[in-house]
file my_file-v4.txt (compact mmCIF, C-alpha atoms)
# COMPACT_ATOMS: atom_id res chain seq x y z
CA PHE E 1 -24.01 111.76 10.16
CA GLN E 2 -25.60 112.49 13.54
CA ALA E 3 -24.33 114.11 16.74
CA ARG E 4 -26.11 114.31 20.11
CA TYR E 5 -25.12 115.92 23.39
CA ARG E 6 -27.31 115.97 26.50
CA ARG E 7 -25.22 116.93 29.51
CA GLN E 8 -24.68 119.92 31.84
CA GLY E 9 -27.92 121.54 30.71
CA TYR E 10 -27.34 121.14 26.95
CA ASN E 11 -29.74 119.30 24.65
CA ILE E 12 -28.26 119.24 21.14
CA GLU E 13 -29.06 116.95 18.24
CA VAL E 14 -27.99 117.57 14.61
CA ALA E 15 -27.74 115.50 11.41
CA SER E 16 -26.38 115.92 7.87
CA LYS E 17 -25.20 113.84 4.91
CA ASP E 18 -21.90 115.73 5.03
CA PHE E 19 -19.65 115.45 8.12
CA ASP E 20 -18.31 119.00 7.93
CA THR E 21 -21.84 120.38 7.61
CA MET E 22 -22.97 118.33 10.60
CA LYS E 23 -19.99 119.57 12.62
CA LYS E 24 -20.78 123.22 11.73
CA LYS E 25 -24.44 122.78 12.76
CA PHE E 26 -23.39 121.23 16.06
CA ILE E 27 -21.05 124.08 16.94
CA GLU E 28 -23.68 126.68 16.03
CA LYS E 29 -26.29 125.02 18.27
CA LEU E 30 -23.76 124.65 21.08
CA ILE E 31 -22.91 128.36 20.98
CA GLY E 32 -26.56 129.31 20.61
CA GLN E 33 -27.73 127.35 23.66
CA ALA E 34 -24.84 128.64 25.76
CA GLU E 35 -25.92 132.23 24.98
CA VAL E 36 -29.66 131.88 25.64
CA GLN E 37 -29.61 129.76 28.84
CA ASP E 38 -27.69 129.63 32.09
CA ILE E 39 -25.56 126.51 31.79
CA PRO E 40 -24.31 125.36 35.22
CA VAL E 41 -20.55 125.48 35.63
CA ALA E 42 -18.77 122.89 37.72
CA ASP E 43 -17.73 124.25 41.11
CA PRO E 44 -13.93 123.89 41.43
CA LYS E 45 -14.32 123.75 45.23
CA ARG E 46 -16.79 120.88 45.14
CA ARG E 47 -15.65 117.96 47.30
CA THR E 48 -15.18 114.73 45.40
CA ALA E 49 -13.41 111.46 46.03
CA LYS E 50 -10.60 112.75 43.80
CA THR E 51 -10.10 115.97 45.79
CA VAL E 52 -10.69 114.92 49.42
CA LEU E 53 -7.73 113.53 51.30
CA PHE E 54 -8.21 110.50 53.53
CA ALA E 55 -6.73 112.41 56.49
CA ASP E 56 -9.36 115.16 56.20
CA TYR E 57 -12.24 112.74 55.74
CA ALA E 58 -11.11 110.58 58.68
CA LYS E 59 -10.95 113.70 60.87
CA ASP E 60 -14.59 114.44 59.99
CA TRP E 61 -15.47 110.88 60.97
CA LEU E 62 -13.60 111.24 64.27
CA LYS E 63 -15.59 114.39 65.08
CA LEU E 64 -18.77 112.34 64.79
CA LYS E 65 -17.36 109.59 66.98
CA GLU E 66 -16.30 112.09 69.63
CA GLN E 67 -19.98 112.92 70.14
CA THR E 68 -21.32 109.35 70.00
CA THR E 69 -18.78 107.14 71.80
CA LYS E 70 -17.28 106.91 75.25
CA PRO E 71 -14.09 108.94 75.86
CA SER E 72 -12.01 105.77 76.13
CA THR E 73 -13.32 104.50 72.77
CA PHE E 74 -12.71 107.84 71.08
CA LYS E 75 -9.21 107.98 72.53
CA GLU E 76 -8.40 104.59 70.97
CA TYR E 77 -9.83 105.65 67.59
CA SER E 78 -7.68 108.81 67.69
CA ARG E 79 -4.57 106.82 68.62
CA MET E 80 -5.08 104.37 65.75
CA PHE E 81 -5.60 107.23 63.31
CA GLU E 82 -2.41 109.04 64.33
CA VAL E 83 -0.22 105.94 64.70
CA ASN E 84 -1.50 103.67 61.93
CA LEU E 85 -3.85 105.22 59.39
CA ARG E 86 -2.60 108.77 58.95
CA PRO E 87 1.04 107.87 58.14
CA THR E 88 -0.11 105.24 55.62
CA PHE E 89 -3.19 106.72 53.93
CA GLY E 90 -3.36 110.34 55.09
CA HIS E 91 -1.71 111.81 51.98
CA LEU E 92 -3.92 109.84 49.55
CA HIS E 93 -7.22 110.97 48.05
CA LEU E 94 -10.18 108.71 48.80
CA SER E 95 -10.30 107.53 45.19
CA GLU E 96 -6.67 106.38 45.44
CA ILE E 97 -7.29 103.95 48.29
CA THR E 98 -7.99 100.58 46.70
CA ARG E 99 -8.85 97.16 48.04
CA PRO E 100 -5.43 95.61 47.17
CA LEU E 101 -3.69 98.52 48.91
CA VAL E 102 -5.69 98.04 52.11
CA GLN E 103 -5.43 94.24 51.96
CA GLN E 104 -1.65 94.32 51.68
CA TYR E 105 -1.42 96.83 54.53
CA LEU E 106 -3.45 94.61 56.86
CA PHE E 107 -1.38 91.57 55.93
CA THR E 108 1.74 93.34 57.24
CA PHE E 109 0.24 93.15 60.74
CA VAL E 110 -0.76 89.53 60.27
CA GLU E 111 2.79 88.64 59.22
CA ALA E 112 4.08 90.38 62.35
CA GLY E 113 1.70 88.35 64.52
CA GLU E 114 -0.38 91.43 65.42
CA TYR E 115 -3.75 89.87 64.61
CA ARG E 116 -5.74 92.00 67.02
CA THR E 117 -4.29 95.21 65.56
CA ALA E 118 -5.20 94.07 62.04
CA GLU E 119 -8.78 93.38 63.14
CA LYS E 120 -9.15 96.77 64.85
CA ILE E 121 -7.76 98.68 61.85
CA LYS E 122 -10.01 96.73 59.48
CA LEU E 123 -13.04 97.62 61.61
CA MET E 124 -12.13 101.31 61.76
CA LEU E 125 -11.52 101.55 58.00
CA SER E 126 -14.80 99.77 57.33
CA CYS E 127 -16.66 102.32 59.45
CA ILE E 128 -15.00 105.25 57.68
CA PHE E 129 -15.69 103.88 54.21
CA ASP E 130 -19.29 103.08 55.12
CA MET E 131 -19.92 106.83 54.78
CA ALA E 132 -17.81 107.53 51.68
CA PRO E 133 -20.11 105.72 49.18
CA GLU E 134 -23.02 107.90 50.29
CA ASP E 135 -21.01 111.12 50.20
CA PHE E 136 -19.07 110.60 46.97
CA ASN E 137 -20.70 107.65 45.18
CA LEU E 138 -17.45 105.77 45.77
CA PRO E 139 -17.22 101.96 45.93
CA SER E 140 -15.86 100.93 49.31
CA PRO E 141 -12.36 99.42 49.17
CA MET E 142 -13.25 97.38 52.26
CA LYS E 143 -15.50 94.99 50.35
CA LYS E 144 -13.97 91.53 50.08
CA ILE E 145 -11.19 92.39 52.55
CA VAL E 146 -10.25 89.20 54.40
CA LEU E 147 -8.12 88.27 57.38
CA PRO E 148 -7.02 84.77 58.40
CA TYR E 149 -8.84 83.18 61.31
CA HIS E 150 -7.09 83.69 64.59
CA GLU E 151 -8.19 82.48 68.01
CA SER E 152 -7.17 84.92 70.70
CA LYS E 153 -5.55 83.74 73.88
CA LYS E 154 -7.89 83.32 76.81
CA GLY E 155 -7.22 83.44 80.51
CA SER E 156 -7.14 80.35 82.66
CA ALA E 157 -8.36 79.88 86.19
CA LEU E 158 -5.98 80.13 89.09
CA THR E 159 -5.06 76.83 90.63
CA LYS E 160 -5.68 76.21 94.32
CA GLU E 161 -1.98 76.77 94.99
CA GLU E 162 -1.95 80.07 93.07
CA GLU E 163 -5.06 81.19 94.92
CA ARG E 164 -3.35 80.39 98.24
CA LYS E 165 -0.27 82.40 97.23
CA LEU E 166 -2.34 85.40 96.19
CA VAL E 167 -4.37 85.40 99.41
CA GLU E 168 -1.17 85.09 101.46
CA TYR E 169 0.35 87.97 99.50
CA CYS E 170 -2.68 90.14 100.33
CA ARG E 171 -2.62 89.18 104.01
CA ASN E 172 0.94 90.41 104.26
CA ARG E 173 0.18 93.75 102.57
CA LYS E 174 -2.97 94.79 104.48
CA ASP E 175 -3.61 97.91 102.38
CA ASP E 176 -5.98 99.16 99.68
CA VAL E 177 -4.12 97.22 97.00
CA ALA E 178 -4.68 94.01 98.95
CA SER E 179 -8.37 94.84 99.31
CA ALA E 180 -8.65 95.56 95.58
CA LEU E 181 -6.97 92.28 94.62
CA LEU E 182 -9.22 90.29 96.94
CA ILE E 183 -12.34 91.93 95.52
CA LEU E 184 -11.21 91.12 91.98
CA LEU E 185 -10.49 87.56 93.04
CA TYR E 186 -13.63 86.70 94.97
CA PHE E 187 -16.38 89.01 93.71
CA GLY E 188 -15.93 89.03 89.93
CA LEU E 189 -15.46 92.78 89.49
CA ARG E 190 -13.60 94.36 86.60
CA GLN E 191 -10.63 96.59 87.36
CA SER E 192 -12.41 99.60 85.85
CA GLU E 193 -15.23 99.14 88.37
CA LEU E 194 -12.98 99.51 91.42
CA ALA E 195 -12.98 103.33 91.22
CA SER E 196 -16.73 103.53 91.94
CA ILE E 197 -16.93 100.84 94.62
CA LYS E 198 -18.67 101.47 97.92
CA ILE E 199 -19.42 99.33 100.95
CA ILE E 200 -23.13 99.49 101.86
CA ASP E 201 -24.27 98.62 105.40
CA GLY E 202 -21.02 96.81 106.00
CA ASN E 203 -22.08 93.70 104.09
CA THR E 204 -22.68 94.70 100.43
CA LEU E 205 -20.41 95.97 97.68
CA GLU E 206 -21.87 98.55 95.28
CA CYS E 207 -20.24 99.69 92.04
CA GLU E 208 -21.08 101.13 88.62
CA THR E 209 -20.83 98.49 85.91
CA SER E 210 -18.26 99.34 83.23
CA LYS E 211 -20.19 97.52 80.48
CA GLU E 212 -22.25 100.56 79.51
CA ARG E 213 -22.57 102.52 76.29
CA MET E 214 -22.49 106.28 76.00
CA GLY E 215 -25.85 107.88 76.74
CA ARG E 216 -27.22 104.91 78.68
CA ASN E 217 -28.20 105.17 82.31
CA VAL E 218 -25.60 104.02 84.81
CA THR E 219 -26.31 100.53 86.13
CA LEU E 220 -25.30 99.65 89.66
CA ARG E 221 -24.08 96.21 90.72
CA TYR E 222 -24.72 94.90 94.22
CA ILE E 223 -22.64 92.01 95.50
CA PRO E 224 -23.01 90.55 99.00
CA LEU E 225 -19.91 90.18 101.14
CA TYR E 226 -20.68 86.52 101.75
CA PRO E 227 -19.27 84.88 104.91
CA ASP E 228 -17.66 81.94 103.09
CA VAL E 229 -14.65 83.96 101.96
CA PRO E 230 -11.55 82.29 103.48
CA LYS E 231 -10.55 83.62 106.87
CA GLY E 232 -8.38 86.72 106.57
CA ALA E 233 -9.32 87.25 102.93
CA ARG E 234 -12.43 89.38 103.58
CA PRO E 235 -11.69 92.90 102.19
CA ARG E 236 -11.35 95.50 104.92
CA GLY E 237 -10.48 99.16 105.09
CA LEU E 238 -11.43 99.93 101.48
CA ARG E 239 -11.75 103.68 101.09
CA GLU E 240 -14.86 104.47 99.08
CA GLY E 241 -14.45 105.81 95.58
CA LYS E 242 -10.64 105.83 95.62
CA GLU E 243 -9.07 105.69 92.13
CA ARG E 244 -6.72 102.77 91.59
CA GLN E 245 -4.25 102.55 88.76
CA ARG E 246 -4.92 99.49 86.63
CA LEU E 247 -1.30 98.87 85.69
CA TYR E 248 -0.20 99.07 89.33
CA ILE E 249 -2.76 96.45 90.31
CA ALA E 250 -1.80 94.33 87.31
CA LEU E 251 1.85 94.37 88.36
CA ARG E 252 0.92 93.36 91.89
CA ILE E 253 -1.00 90.39 90.50
CA GLN E 254 2.03 89.38 88.48
CA GLU E 255 4.19 89.79 91.57
CA ALA E 256 1.95 87.42 93.53
CA VAL E 257 1.28 84.98 90.65
CA PRO E 258 4.28 85.18 88.25
CA ARG E 259 2.64 83.28 85.36
CA THR E 260 0.06 86.04 84.81
CA SER E 261 0.68 88.96 82.44
CA PRO E 262 0.25 92.66 83.34
CA ALA E 263 -1.72 93.05 80.12
CA ARG E 264 -4.17 90.28 81.03
CA THR E 265 -5.11 90.55 84.67
CA SER E 266 -8.57 89.05 84.95
CA LEU E 267 -8.72 86.71 87.93
CA TYR E 268 -10.55 83.41 87.90
CA LEU E 269 -11.01 80.97 90.73
CA HIS E 270 -10.87 77.25 90.17
CA TYR E 271 -13.43 75.46 92.35
CA THR E 272 -14.13 71.76 92.37
CA VAL E 273 -17.76 70.81 92.89
call {"tool": "encode", "arguments": {"input": "my_file-v4.txt", "output": "C-alpha cells"}}
result
Amino acid sequence: FQARYRRQGYNIEVASKDFDTMKKKFIEKLIGQAEVQDIPVADPKRRTAKTVLFADYAKDWLKLKEQTTKPSTFKEYSRMFEVNLRPTFGHLHLSEITRPLVQQYLFTFVEAGEYRTAEKIKLMLSCIFDMAPEDFNLPSPMKKIVLPYHESKKGSALTKEEERKLVEYCRNRKDDVASALLILLYFGLRQSELASIKIIDGNTLECETSKERMGRNVTLRYIPLYPDVPKGARPRGLREGKERQRLYIALRIQEAVPRTSPARTSLYLHYTV
C-alpha cells in the first residue's frame, strides 16, 4: 500500500505491505512535518469567487469606469446596475452566476421586446466578467451567450411637406427654440452640440463635437451659414453657449412634425438631385 500527499507545503510519501502500518506511518510523517516547518494556513479573509458577491465586485468595476469613461456613460452604467443587475444578481456570489442563469435573464427582455436593453446588459456583464477570470480563475458565464438578431428602427428623412411645416413653425416662433430647430434641420448638428454653439464673424457656426472619448482633445466643428437656406429660415438671434434642454426641443419637433418621436429626434432633409 502507498500513500502520497504533496499540497500546502507537505511532501509525504509512505508505503507498507500492511494497510494499518502504512496509515500509521503516514500520520507520523504528517505530524512530524507540521512540527518542523511553517505550513501556510489558508487565509479565511481571502477573496474568492465563492466569497465575493456580484454586487461588491460590480461596484469595484464601476469605480474603474468612473475614472475612464465620460460622465454620461458612467451614469448609464450606474443606472443599469441599480435597476437591472443588482436586484437580479447582487445577492449571488460570482461562482453562483452561471451561463444558463444569465441567458434566461436576457431572454426575459427579448420576450418583452426590449432588444436594446438586452444588448446593453449583455455588454455590461461581459465587461465585468472579463476581469473575474483573471482575479479568481473563474470561467466567464458570458461565453456562448446569444441573443436573436434584431434590426433597430432607423429614422427617415423629412418629406418636402414636413420640411415646409417645420420651417413655418419656426418662422412663427422667432425665438431660440426656433433657431435651434433650424440649425438641427439644415446644418447637421447633434442636439448635444447646441450647448457649445457660437456664431463666428456672422457667417460661421462653431461647436464642440459630441463624438469624443474621455481624455481626448476637444474637436471643433465649423459650418458655414450658406446663403441657400430658404428665405426666413436662416437662424438669427442665437445666444452663444446657451444650454437647451433636449427633451424640450424633441417635443417641439414632435409638435411641428407629429409623426416623429420625442425619443428619436434626429432631423433629415430629403433633397432630390
call {"tool": "atom_distance", "arguments": {"input": "my_file-v4.txt", "atom1": "CA of Val102 in chain E", "atom2": "CA of Pro141 in chain E"}}
result
7.4 Å
call {"tool": "atom_distance", "arguments": {"input": "my_file-v4.txt", "atom1": "CA of Ile197 in chain E", "atom2": "CA of Pro71 in chain E"}}
result
20.6 Å
call {"tool": "closest_residue", "arguments": {"input": "my_file-v4.txt", "among": "E:Phe26, E:Phe187, E:Phe54, E:Phe19", "to": "Leu94 in chain E", "atoms": "all atoms listed in the file"}}
result
E:Phe54
call {"tool": "residues_around", "arguments": {"input": "my_file-v4.txt", "residues": "Asn137 in chain E", "least_positions_apart": "5", "cutoff": "12 Å", "atoms": "only C-alpha atoms", "output": "PyMOL selection string"}}
result
chain E and resi 47-50+94-95+129-132
call {"tool": "atom_distance", "arguments": {"input": "my_file-v4.txt", "atom1": "CA of Tyr222 in chain E", "atom2": "CA of Thr204 in chain E"}}
result
6.5 Å
call {"tool": "closest_residue", "arguments": {"input": "my_file-v4.txt", "among": "E:Glu96, E:Glu206, E:Glu163, E:Asp60", "to": "Phe81 in chain E", "atoms": "all atoms listed in the file"}}
result
E:Asp60
call {"tool": "closest_residue", "arguments": {"input": "my_file-v4.txt", "among": "E:Ile183, E:Leu53, E:Leu106, E:Ile128", "to": "Leu166 in chain E", "atoms": "all atoms listed in the file"}}
result
E:Ile183
call {"tool": "closest_residue", "arguments": {"input": "my_file-v4.txt", "among": "E:Leu194, E:Val167, E:Leu30, E:Leu101", "to": "Leu182 in chain E", "atoms": "only C-alpha atoms"}}
result
E:Val167
call {"tool": "residues_around", "arguments": {"input": "my_file-v4.txt", "residues": "Phe1 in chain E", "least_positions_apart": "4", "cutoff": "8 Å", "atoms": "only C-alpha atoms", "output": "ChimeraX atom specification"}}
result
/E:15-19,22
call {"tool": "residues_around", "arguments": {"input": "my_file-v4.txt", "residues": "Arg99 in chain E", "least_positions_apart": "5", "cutoff": "10 Å", "atoms": "only C-alpha atoms", "output": "PyMOL selection string"}}
result
chain E and resi 104-105+139-145
call {"tool": "closest_residue", "arguments": {"input": "my_file-v4.txt", "among": "E:Glu193, E:Leu64, E:Phe107, E:Ala55", "to": "Leu92 in chain E", "atoms": "all atoms listed in the file"}}
result
E:Ala55
call {"tool": "closest_residue", "arguments": {"input": "my_file-v4.txt", "among": "E:Arg6, E:Pro148, E:Glu28, E:Cys127", "to": "Glu111 in chain E", "atoms": "all atoms listed in the file"}}
result
E:Pro148
call {"tool": "decode", "arguments": {"input": "my_file-v4.txt", "residues": "range 160-180 of chain E", "atoms": "N, CA, C and O atoms", "output": "short mmCIF file (atom, residue, chain, number, x, y, z; two decimals), in the first residue's frame"}}
result
data_model
loop_
_atom_site.label_atom_id
_atom_site.label_comp_id
_atom_site.auth_asym_id
_atom_site.auth_seq_id
_atom_site.Cartn_x
_atom_site.Cartn_y
_atom_site.Cartn_z
N LYS E 160 -40.75 66.85 -48.25
CA LYS E 160 -40.78 68.28 -48.56
C LYS E 160 -41.90 68.98 -47.79
O LYS E 160 -41.74 70.10 -47.31
N GLU E 161 -43.04 68.32 -47.67
CA GLU E 161 -44.17 68.92 -46.97
C GLU E 161 -43.87 69.06 -45.47
O GLU E 161 -44.20 70.08 -44.85
N GLU E 162 -43.23 68.03 -44.89
CA GLU E 162 -42.87 68.10 -43.47
C GLU E 162 -41.81 69.17 -43.23
O GLU E 162 -41.84 69.87 -42.20
N GLU E 163 -40.88 69.29 -44.16
CA GLU E 163 -39.88 70.35 -44.04
C GLU E 163 -40.54 71.72 -44.06
O GLU E 163 -40.22 72.61 -43.27
N ARG E 164 -41.51 71.90 -44.98
CA ARG E 164 -42.22 73.18 -45.07
C ARG E 164 -42.95 73.50 -43.77
O ARG E 164 -42.90 74.63 -43.27
N LYS E 165 -43.60 72.49 -43.17
CA LYS E 165 -44.33 72.69 -41.92
C LYS E 165 -43.39 73.08 -40.79
O LYS E 165 -43.71 73.95 -39.97
N LEU E 166 -42.23 72.44 -40.73
CA LEU E 166 -41.29 72.73 -39.67
C LEU E 166 -40.72 74.14 -39.80
O LEU E 166 -40.60 74.87 -38.81
N VAL E 167 -40.39 74.53 -41.02
CA VAL E 167 -39.86 75.88 -41.25
C VAL E 167 -40.93 76.92 -40.90
O VAL E 167 -40.64 77.94 -40.27
N GLU E 168 -42.17 76.66 -41.29
CA GLU E 168 -43.26 77.59 -40.98
C GLU E 168 -43.47 77.69 -39.47
O GLU E 168 -43.72 78.78 -38.93
N TYR E 169 -43.35 76.56 -38.80
CA TYR E 169 -43.48 76.53 -37.33
C TYR E 169 -42.40 77.41 -36.70
O TYR E 169 -42.67 78.18 -35.76
N CYS E 170 -41.18 77.33 -37.20
CA CYS E 170 -40.08 78.13 -36.65
C CYS E 170 -40.24 79.61 -36.97
O CYS E 170 -39.91 80.47 -36.16
N ARG E 171 -40.75 79.92 -38.15
CA ARG E 171 -40.98 81.33 -38.50
C ARG E 171 -41.95 81.98 -37.53
O ARG E 171 -41.79 83.15 -37.14
N ASN E 172 -42.95 81.23 -37.12
CA ASN E 172 -43.97 81.78 -36.23
C ASN E 172 -43.47 81.94 -34.80
O ASN E 172 -43.98 82.76 -34.05
N ARG E 173 -42.46 81.16 -34.41
CA ARG E 173 -41.95 81.24 -33.04
C ARG E 173 -40.96 82.39 -32.87
O ARG E 173 -41.04 83.16 -31.94
N LYS E 174 -39.96 82.45 -33.74
CA LYS E 174 -38.95 83.51 -33.71
C LYS E 174 -38.27 83.62 -32.34
O LYS E 174 -38.17 84.69 -31.75
N ASP E 175 -37.77 82.50 -31.83
CA ASP E 175 -37.05 82.50 -30.56
C ASP E 175 -35.87 81.54 -30.65
O ASP E 175 -35.56 81.03 -31.72
N ASP E 176 -35.21 81.30 -29.52
CA ASP E 176 -34.04 80.42 -29.52
C ASP E 176 -34.39 79.00 -29.90
O ASP E 176 -33.59 78.30 -30.52
N VAL E 177 -35.59 78.55 -29.52
CA VAL E 177 -36.00 77.20 -29.88
C VAL E 177 -36.11 77.08 -31.40
O VAL E 177 -35.67 76.09 -32.00
N ALA E 178 -36.68 78.10 -32.04
CA ALA E 178 -36.78 78.10 -33.50
C ALA E 178 -35.39 78.05 -34.13
O ALA E 178 -35.16 77.29 -35.08
N SER E 179 -34.46 78.86 -33.59
CA SER E 179 -33.11 78.86 -34.13
C SER E 179 -32.46 77.48 -33.97
O SER E 179 -31.81 76.97 -34.88
N ALA E 180 -32.66 76.86 -32.80
CA ALA E 180 -32.08 75.55 -32.55
C ALA E 180 -32.62 74.51 -33.52
O ALA E 180 -31.88 73.70 -34.08
#
